[in-house]
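What follows is the content of coords15.cif, which has mmCIF, C-alpha atoms and all ligand atoms:
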```cif
data_target
loop_
_atom_site.label_atom_id
_atom_site.label_comp_id
_atom_site.auth_asym_id
_atom_site.auth_seq_id
_atom_site.Cartn_x
_atom_site.Cartn_y
_atom_site.Cartn_z
CA MET A 83 130.68 41.09 93.82
CA ASP A 84 129.75 39.76 97.25
CA GLN A 85 126.22 38.56 97.54
CA VAL A 86 124.37 40.69 100.11
CA LEU A 87 122.13 38.94 102.59
CA GLU A 88 118.82 40.30 103.80
CA THR A 89 120.59 41.49 106.93
CA GLY A 90 122.69 43.74 104.69
CA ARG A 91 125.90 41.89 105.63
CA PRO A 92 128.00 40.78 102.70
CA GLN A 93 128.24 37.02 102.59
CA LEU A 94 131.78 35.70 102.92
CA LYS A 95 133.09 34.36 99.64
CA TYR A 96 134.09 31.03 101.08
CA VAL A 97 130.52 30.61 102.40
CA GLN A 98 129.15 31.12 98.87
CA VAL A 99 131.57 28.54 97.50
CA ARG A 100 130.86 26.13 100.37
CA ASP A 101 127.08 26.40 99.93
CA TYR A 102 127.37 25.87 96.19
CA VAL A 103 129.55 22.78 96.58
CA ARG A 104 127.28 21.44 99.30
CA SER A 105 124.21 21.88 97.10
CA VAL A 106 125.94 19.97 94.31
CA CYS A 107 127.18 17.18 96.59
CA VAL A 108 124.34 16.52 99.02
CA GLY A 109 122.30 13.73 97.55
CA ALA A 110 125.01 12.78 95.01
CA ALA A 111 126.21 9.17 95.07
CA PRO A 112 129.07 8.50 97.50
CA GLY A 113 132.36 8.58 95.61
CA THR A 114 131.21 11.26 93.12
CA PRO A 115 134.12 13.68 92.56
CA ALA A 116 133.61 17.12 94.10
CA PRO A 117 133.98 20.11 91.75
CA SER A 118 137.67 20.77 91.17
CA GLU A 119 139.53 23.69 92.73
CA ARG A 120 140.18 25.13 89.29
CA GLU A 121 136.53 24.96 88.32
CA LEU A 122 135.53 26.75 91.54
CA VAL A 123 138.22 29.40 91.19
CA ASN A 124 136.91 30.17 87.69
CA ARG A 125 133.24 30.03 88.57
CA PHE A 126 133.46 32.34 91.59
CA GLY A 127 136.51 34.42 90.62
CA VAL A 128 138.08 33.80 94.03
CA ALA A 129 141.55 32.83 95.22
CA ARG A 130 142.53 29.18 95.50
CA MET A 131 142.87 29.69 99.28
CA THR A 132 139.18 30.64 99.48
CA VAL A 133 138.20 27.51 97.60
CA ARG A 134 140.36 25.40 99.93
CA GLN A 135 138.73 26.97 102.98
CA ALA A 136 135.28 26.06 101.61
CA ILE A 137 136.35 22.48 100.84
CA ASP A 138 138.02 22.12 104.26
CA THR A 139 134.74 23.03 105.93
CA LEU A 140 132.87 20.41 103.92
CA VAL A 141 135.48 17.77 104.76
CA ALA A 142 135.27 18.71 108.44
CA GLU A 143 131.48 18.38 108.50
CA GLY A 144 131.67 15.03 106.72
CA THR A 145 130.04 15.95 103.39
CA LEU A 146 133.26 15.36 101.45
CA GLU A 147 136.29 13.17 101.99
CA ARG A 148 139.81 13.50 100.68
CA VAL A 149 141.48 10.46 99.23
CA ARG A 150 145.22 10.89 99.17
CA GLY A 151 146.61 11.19 95.67
CA ARG A 152 143.15 10.97 94.06
CA GLY A 153 141.14 14.01 95.06
CA THR A 154 138.01 14.99 96.95
CA PHE A 155 134.80 13.00 96.78
CA VAL A 156 131.29 12.84 98.20
CA SER A 157 131.63 10.86 101.45
CA ARG A 158 130.32 7.44 102.15
CA PRO A 159 128.04 7.48 105.19
CA ARG A 160 130.25 6.32 108.02
CA ARG A 161 127.59 6.12 110.62
CA ARG A 162 125.89 2.77 110.98
CA VAL A 163 122.64 2.04 112.70
CA GLY A 164 123.46 1.57 116.33
CA ASP A 165 126.34 4.04 116.37
CA LEU A 166 125.87 6.16 119.42
CA THR A 167 128.76 8.53 119.28
CA SER A 168 130.01 10.98 121.86
CA PHE A 169 130.88 14.54 121.02
CA THR A 170 134.55 13.62 121.32
CA GLU A 171 134.14 10.86 118.72
CA GLU A 172 132.00 13.05 116.44
CA MET A 173 134.67 15.76 116.33
CA ARG A 174 137.54 13.32 115.69
CA ARG A 175 135.52 11.73 112.89
CA ARG A 176 135.31 15.18 111.29
CA GLY A 177 139.05 15.71 111.66
CA LEU A 178 138.65 18.26 114.46
CA GLU A 179 140.26 18.25 117.89
CA PRO A 180 137.55 18.02 120.58
CA ASP A 181 137.72 20.24 123.61
CA SER A 182 135.35 21.46 126.31
CA GLU A 183 135.01 24.20 128.87
CA THR A 184 132.95 23.38 131.91
CA LEU A 185 130.52 26.21 132.64
CA LEU A 186 128.76 24.55 135.54
CA ALA A 187 128.92 21.25 137.42
CA GLU A 188 126.66 20.86 140.44
CA HIS A 189 124.14 18.80 142.32
CA GLU A 190 120.55 19.73 141.66
CA ALA A 191 117.12 18.45 142.53
CA ALA A 192 115.45 16.93 139.47
CA THR A 193 112.50 18.91 138.18
CA GLY A 194 109.74 18.29 135.59
CA GLY A 195 111.03 17.09 132.25
CA VAL A 196 114.43 15.94 133.49
CA ALA A 197 112.91 13.90 136.32
CA ARG A 198 110.43 12.27 133.95
CA ALA A 199 113.05 11.50 131.31
CA LEU A 200 115.38 9.95 133.88
CA GLY A 201 112.55 7.97 135.47
CA LEU A 202 112.99 9.85 138.75
CA THR A 203 110.69 11.65 141.11
CA ALA A 204 110.88 15.44 141.28
CA GLY A 205 113.43 16.34 143.96
CA ASP A 206 115.66 13.29 143.40
CA PRO A 207 119.36 14.15 143.05
CA VAL A 208 120.80 14.80 139.60
CA ILE A 209 124.14 16.10 138.43
CA HIS A 210 123.92 19.04 136.06
CA TRP A 211 127.01 19.46 133.89
CA ARG A 212 127.06 22.33 131.41
CA ARG A 213 129.88 22.55 128.89
CA LEU A 214 130.84 24.66 125.93
CA ARG A 215 132.00 22.15 123.35
CA LEU A 216 134.65 23.08 120.85
CA GLY A 217 136.09 21.63 117.66
CA SER A 218 139.70 22.67 117.05
CA GLY A 219 139.21 25.65 119.34
CA ALA A 220 135.98 26.94 117.75
CA PRO A 221 132.66 26.77 119.65
CA VAL A 222 130.32 24.11 118.23
CA ALA A 223 127.71 23.51 120.93
CA ILE A 224 126.55 24.18 124.45
CA GLU A 225 125.58 20.98 126.21
CA ASP A 226 123.59 20.59 129.42
CA ALA A 227 123.85 17.03 130.67
CA TYR A 228 121.69 15.80 133.56
CA LEU A 229 122.83 12.56 135.14
CA ASN A 230 121.03 10.28 137.51
CA GLU A 231 123.17 10.74 140.61
CA LEU A 232 121.80 7.61 142.24
CA LEU A 233 123.64 5.62 139.54
CA LEU A 234 126.76 7.76 139.71
CA PRO A 235 127.66 8.37 143.33
CA GLY A 236 130.74 10.59 143.73
CA PHE A 237 130.80 11.56 140.04
CA LEU A 238 131.71 15.16 140.82
CA LEU A 239 134.48 14.23 143.26
CA GLY A 240 138.03 13.97 142.03
CA GLY A 241 137.84 16.03 138.83
CA LEU A 242 135.60 15.93 135.81
CA PRO A 243 136.40 13.60 132.91
CA THR A 244 137.28 14.75 129.40
CA SER A 245 134.60 12.56 127.87
CA LEU A 246 131.32 11.87 129.61
CA TYR A 247 130.73 8.71 127.59
CA ASP A 248 134.18 7.36 128.50
CA ALA A 249 133.47 8.04 132.16
CA LEU A 250 130.13 6.26 131.88
CA ALA A 251 131.78 3.37 130.02
CA ALA A 252 134.24 2.98 132.91
CA ARG A 253 131.23 2.41 135.19
CA GLY A 254 129.47 0.10 132.74
CA LEU A 255 126.88 2.80 132.09
CA ARG A 256 127.68 4.08 128.59
CA PRO A 257 124.35 4.52 126.80
CA THR A 258 123.61 1.73 124.36
CA LEU A 259 120.24 3.13 123.38
CA ALA A 260 119.22 6.73 122.84
CA GLU A 261 116.21 8.76 121.88
CA ASP A 262 117.06 12.01 120.14
CA SER A 263 114.86 14.90 119.17
CA VAL A 264 116.09 17.67 116.91
CA ALA A 265 114.51 21.09 116.51
CA ALA A 266 115.52 24.15 114.52
CA ASP A 267 115.68 27.38 116.49
CA VAL A 268 117.63 30.62 116.91
CA ALA A 269 120.26 31.54 119.49
CA ASP A 270 119.24 33.66 122.47
CA ALA A 271 121.61 36.26 123.89
CA THR A 272 123.42 33.91 126.30
CA GLU A 273 123.83 31.22 123.67
CA ALA A 274 124.96 33.73 121.05
CA ALA A 275 127.70 35.03 123.33
CA LEU A 276 128.97 31.54 124.13
CA LEU A 277 128.75 30.24 120.57
CA ASP A 278 130.20 33.42 119.10
CA VAL A 279 127.27 34.10 116.77
CA ARG A 280 124.78 36.93 116.52
CA VAL A 281 121.56 36.78 118.53
CA GLY A 282 119.00 35.08 116.30
CA ALA A 283 121.54 32.98 114.40
CA PRO A 284 120.25 29.51 113.46
CA VAL A 285 120.91 26.67 115.89
CA LEU A 286 119.90 23.05 116.24
CA ARG A 287 118.48 21.97 119.58
CA VAL A 288 119.14 18.31 120.17
CA SER A 289 117.81 16.47 123.20
CA ARG A 290 119.05 13.03 123.94
CA ARG A 291 117.92 10.52 126.52
CA GLY A 292 120.61 7.91 126.92
CA LEU A 293 119.86 4.48 128.36
CA ALA A 294 122.21 1.76 129.53
CA ALA A 295 120.70 -1.67 130.06
CA GLU A 296 117.29 -0.05 129.61
CA ARG A 297 117.88 2.33 132.52
CA PRO A 298 117.89 6.07 131.72
CA VAL A 299 121.31 7.40 132.75
CA VAL A 300 121.58 10.80 131.14
CA VAL A 301 119.49 13.47 129.51
CA ALA A 302 121.47 15.97 127.46
CA ARG A 303 120.17 19.13 125.87
CA SER A 304 122.55 20.55 123.34
CA VAL A 305 122.46 23.69 121.22
CA TYR A 306 124.59 23.37 118.09
CA ARG A 307 125.70 26.13 115.76
CA ALA A 308 123.81 25.26 112.60
CA ASP A 309 126.67 26.49 110.43
CA ARG A 310 129.24 24.27 112.16
CA PHE A 311 127.32 21.07 112.67
CA THR A 312 125.44 18.84 110.27
CA LEU A 313 123.61 15.95 111.82
CA TRP A 314 124.11 12.72 109.89
CA LEU A 315 121.63 9.94 110.24
CA HIS A 316 121.86 6.54 108.69
CA LEU A 317 118.53 4.84 108.84
CA GLY A 318 117.34 1.40 107.95
CA GLU A 319 119.26 -1.82 107.91
CA SER A 320 122.93 -1.76 108.74
CA ASP A 321 125.41 -3.12 106.19
C1 LIG B 401 127.09 13.56 122.32
C2 LIG B 401 125.69 13.36 122.84
C3 LIG B 401 125.53 14.01 124.19
C4 LIG B 401 126.58 13.47 125.13
C5 LIG B 401 127.96 13.71 124.56
C6 LIG B 401 129.07 13.12 125.40
C7 LIG B 401 123.70 14.44 121.79
C8 LIG B 401 123.03 14.76 120.52
N1 LIG B 401 124.82 13.81 121.77
O1 LIG B 401 127.30 14.89 122.00
O2 LIG B 401 124.27 13.69 124.68
O3 LIG B 401 126.49 14.07 126.40
O4 LIG B 401 128.02 13.13 123.29
O5 LIG B 401 130.28 13.51 124.80
O6 LIG B 401 123.15 14.77 122.78
P1 LIG B 401 131.69 13.27 125.46
O7 LIG B 401 131.81 11.82 125.76
O8 LIG B 401 132.67 13.76 124.46
O9 LIG B 401 131.72 14.09 126.73
#
```

Conversion result in structure tokens:
Amino acid sequence: MDQVLETGRPQLKYVQVRDYVRSVCVGAAPGTPAPSERELVNRFGVARMTVRQAIDTLVAEGTLERVRGRGTFVSRPRRRVGDLTSFTEEMRRRGLEPDSETLLAEHEAATGGVARALGLTAGDPVIHWRRLRLGSGAPVAIEDAYLNELLLPGFLLGGLPTSLYDALAARGLRPTLAEDSVAADVADATEAALLDVRVGAPVLRVSRRGLAAERPVVVARSVYRADRFTLWLHLGESD
């Protein structure tokens, strides 16, 4: 029988399987075999397709990895200290096709927090670029990027790039240093509509200040669907 959540909505079977496998695998040594399809089919009394869907999600988020001809295993952390990946790179790493829809791209006058984070004075010109970010067609995040326009004259002329970090790299301004903050929250009505979740669904709010050659270039505020995005951090010395 489907487990019923507090909201009264039955929980999808694949979500139950996914959460079970995740709980078994998170914290397990990299290379540990994931529970087999057969074991999961028996344990949950679900179709093989449902089990595959659950495993696919865990592979996509980076918890598990498939090794051809051998099976599915707990992933090795692939992120090293110093990795400062773009959304495009993050999605490809998870085996998803990155895509974006621009919701807004305009000149604005910097205010409060954005001005401070970019080392500007209130009223200085910034570029505000808001995108819905998708992985293989499904909404993953809403991202508001604020760029120091003094460093990026003409950025909005001649079409927007596919990848912000590639466009910054082309100008020698790809961030090499970043400060991130992550907070748990719930989606408001606008976010819920864009992310295709219910109002109040869990989200991660990630703010990033990106610096190139010690100069702040971009401040991005992103809202990620908590069920579609796991943040991986690899701390300490790099190998
Ligand atoms: C990452 C960054 C974001 C940046 C984006 C550029 C976070 C947590 N991460 O998502 O700040 O704007 O990459 O991605 O903020 P792009 O190069 O694919 O446009």

Please report as JSON lines every residue of chain A lying within 10 Å of ligand LIG 401 (chain B), along with the nearest atom pair and their distance in Å (one decimal), using all atoms listed in the file.
```
{"residue": "A:Leu166", "atom": "CA", "partner": "B:LIG401", "partner_atom": "C2", "distance": 8.0}
{"residue": "A:Thr167", "atom": "CA", "partner": "B:LIG401", "partner_atom": "C1", "distance": 6.1}
{"residue": "A:Ser168", "atom": "CA", "partner": "B:LIG401", "partner_atom": "O4", "distance": 3.3}
{"residue": "A:Phe169", "atom": "CA", "partner": "B:LIG401", "partner_atom": "O1", "distance": 3.7}
{"residue": "A:Thr170", "atom": "CA", "partner": "B:LIG401", "partner_atom": "O8", "distance": 3.7}
{"residue": "A:Glu171", "atom": "CA", "partner": "B:LIG401", "partner_atom": "O8", "distance": 6.6}
{"residue": "A:Glu172", "atom": "CA", "partner": "B:LIG401", "partner_atom": "O1", "distance": 7.5}
{"residue": "A:Met173", "atom": "CA", "partner": "B:LIG401", "partner_atom": "O8", "distance": 8.6}
{"residue": "A:Pro180", "atom": "CA", "partner": "B:LIG401", "partner_atom": "O8", "distance": 7.6}
{"residue": "A:Asp181", "atom": "CA", "partner": "B:LIG401", "partner_atom": "O8", "distance": 8.3}
{"residue": "A:Ser182", "atom": "CA", "partner": "B:LIG401", "partner_atom": "O9", "distance": 8.2}
{"residue": "A:Trp211", "atom": "CA", "partner": "B:LIG401", "partner_atom": "O3", "distance": 9.2}
{"residue": "A:Arg212", "atom": "CA", "partner": "B:LIG401", "partner_atom": "O3", "distance": 9.7}
{"residue": "A:Arg213", "atom": "CA", "partner": "B:LIG401", "partner_atom": "O9", "distance": 8.9}
{"residue": "A:Arg215", "atom": "CA", "partner": "B:LIG401", "partner_atom": "O8", "distance": 8.5}
{"residue": "A:Ala223", "atom": "CA", "partner": "B:LIG401", "partner_atom": "O1", "distance": 8.7}
{"residue": "A:Ile224", "atom": "CA", "partner": "B:LIG401", "partner_atom": "O1", "distance": 9.6}
{"residue": "A:Glu225", "atom": "CA", "partner": "B:LIG401", "partner_atom": "O3", "distance": 7.0}
{"residue": "A:Asp226", "atom": "CA", "partner": "B:LIG401", "partner_atom": "O3", "distance": 7.7}
{"residue": "A:Ala227", "atom": "CA", "partner": "B:LIG401", "partner_atom": "O3", "distance": 5.8}
{"residue": "A:Tyr228", "atom": "CA", "partner": "B:LIG401", "partner_atom": "O3", "distance": 8.8}
{"residue": "A:Leu229", "atom": "CA", "partner": "B:LIG401", "partner_atom": "O3", "distance": 9.6}
{"residue": "A:Pro243", "atom": "CA", "partner": "B:LIG401", "partner_atom": "O9", "distance": 7.8}
{"residue": "A:Thr244", "atom": "CA", "partner": "B:LIG401", "partner_atom": "O9", "distance": 6.2}
{"residue": "A:Ser245", "atom": "CA", "partner": "B:LIG401", "partner_atom": "O9", "distance": 3.5}
{"residue": "A:Leu246", "atom": "CA", "partner": "B:LIG401", "partner_atom": "O9", "distance": 3.7}
{"residue": "A:Tyr247", "atom": "CA", "partner": "B:LIG401", "partner_atom": "O7", "distance": 3.8}
{"residue": "A:Asp248", "atom": "CA", "partner": "B:LIG401", "partner_atom": "O7", "distance": 5.7}
{"residue": "A:Ala249", "atom": "CA", "partner": "B:LIG401", "partner_atom": "O7", "distance": 7.6}
{"residue": "A:Leu250", "atom": "CA", "partner": "B:LIG401", "partner_atom": "O7", "distance": 8.4}
{"residue": "A:Ala251", "atom": "CA", "partner": "B:LIG401", "partner_atom": "O7", "distance": 9.5}
{"residue": "A:Arg256", "atom": "CA", "partner": "B:LIG401", "partner_atom": "O7", "distance": 9.2}
{"residue": "A:Pro257", "atom": "CA", "partner": "B:LIG401", "partner_atom": "C4", "distance": 9.4}
{"residue": "A:Ala260", "atom": "CA", "partner": "B:LIG401", "partner_atom": "O2", "distance": 8.8}
{"residue": "A:Glu261", "atom": "CA", "partner": "B:LIG401", "partner_atom": "C8", "distance": 9.2}
{"residue": "A:Asp262", "atom": "CA", "partner": "B:LIG401", "partner_atom": "C8", "distance": 6.6}
{"residue": "A:Ser263", "atom": "CA", "partner": "B:LIG401", "partner_atom": "C8", "distance": 8.3}
{"residue": "A:Val264", "atom": "CA", "partner": "B:LIG401", "partner_atom": "C8", "distance": 8.3}
{"residue": "A:Leu286", "atom": "CA", "partner": "B:LIG401", "partner_atom": "C8", "distance": 9.8}
{"residue": "A:Arg287", "atom": "CA", "partner": "B:LIG401", "partner_atom": "C8", "distance": 8.6}
{"residue": "A:Val288", "atom": "CA", "partner": "B:LIG401", "partner_atom": "C8", "distance": 5.3}
{"residue": "A:Ser289", "atom": "CA", "partner": "B:LIG401", "partner_atom": "O6", "distance": 5.6}
{"residue": "A:Arg290", "atom": "CA", "partner": "B:LIG401", "partner_atom": "O6", "distance": 4.6}
{"residue": "A:Arg291", "atom": "CA", "partner": "B:LIG401", "partner_atom": "O2", "distance": 7.3}
{"residue": "A:Gly292", "atom": "CA", "partner": "B:LIG401", "partner_atom": "O2", "distance": 7.2}
{"residue": "A:Val300", "atom": "CA", "partner": "B:LIG401", "partner_atom": "O3", "distance": 7.6}
{"residue": "A:Val301", "atom": "CA", "partner": "B:LIG401", "partner_atom": "O2", "distance": 6.8}
{"residue": "A:Ala302", "atom": "CA", "partner": "B:LIG401", "partner_atom": "O2", "distance": 4.6}
{"residue": "A:Arg303", "atom": "CA", "partner": "B:LIG401", "partner_atom": "O6", "distance": 6.1}
{"residue": "A:Ser304", "atom": "CA", "partner": "B:LIG401", "partner_atom": "O6", "distance": 5.8}
{"residue": "A:Val305", "atom": "CA", "partner": "B:LIG401", "partner_atom": "C8", "distance": 9.0}
{"residue": "A:Tyr306", "atom": "CA", "partner": "B:LIG401", "partner_atom": "C8", "distance": 9.1}
{"residue": "A:Leu313", "atom": "CA", "partner": "B:LIG401", "partner_atom": "C8", "distance": 8.8}
```

I need the residue nearest Arg297 (chain A) from this list: A:Gly282, A:Gly201, A:Pro115, A:Gly236. Use only C-alpha atoms for the distance.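 Ranked by minimum distance to Arg297 (chain A), first place goes to A:Gly201.
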
Within 7 Å of Val281 (chain A) using only C-alpha atoms, minus same-chain residues under 2 positions, as a ChimeraX atom specification: /A:269-271,274,279,283

Please determine, counting only C-alpha atoms, which residue among A:Leu146, A:Gly205, A:Gly194, A:Leu200 has the shortest atom-to-atom distance to Gly177 (chain A). A:Leu146

Which polymer residues have any atom within 9 Å of an atom of Thr258 (chain A), counting all atoms listed in the file, with same-chain residues fewer than 3 positions away left out, as a PyMOL selection string? chain A and resi 164-166+255+292-296

Next, write the just-selected residues to a file, as a CSV table (one decimal), in the frame of the given file, keeping C-alpha atoms as the atom set.
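Final file, result-v4.csv:
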```csv
chain,number,residue,atom,x,y,z
A,164,GLY,CA,123.5,1.6,116.3
A,165,ASP,CA,126.3,4.0,116.4
A,166,LEU,CA,125.9,6.2,119.4
A,255,LEU,CA,126.9,2.8,132.1
A,292,GLY,CA,120.6,7.9,126.9
A,293,LEU,CA,119.9,4.5,128.4
A,294,ALA,CA,122.2,1.8,129.5
A,295,ALA,CA,120.7,-1.7,130.1
A,296,GLU,CA,117.3,0.0,129.6
```

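Between CA of Arg134 (chain A) and CA of Asp309 (chain A) there is a distance of 17.3 Å.
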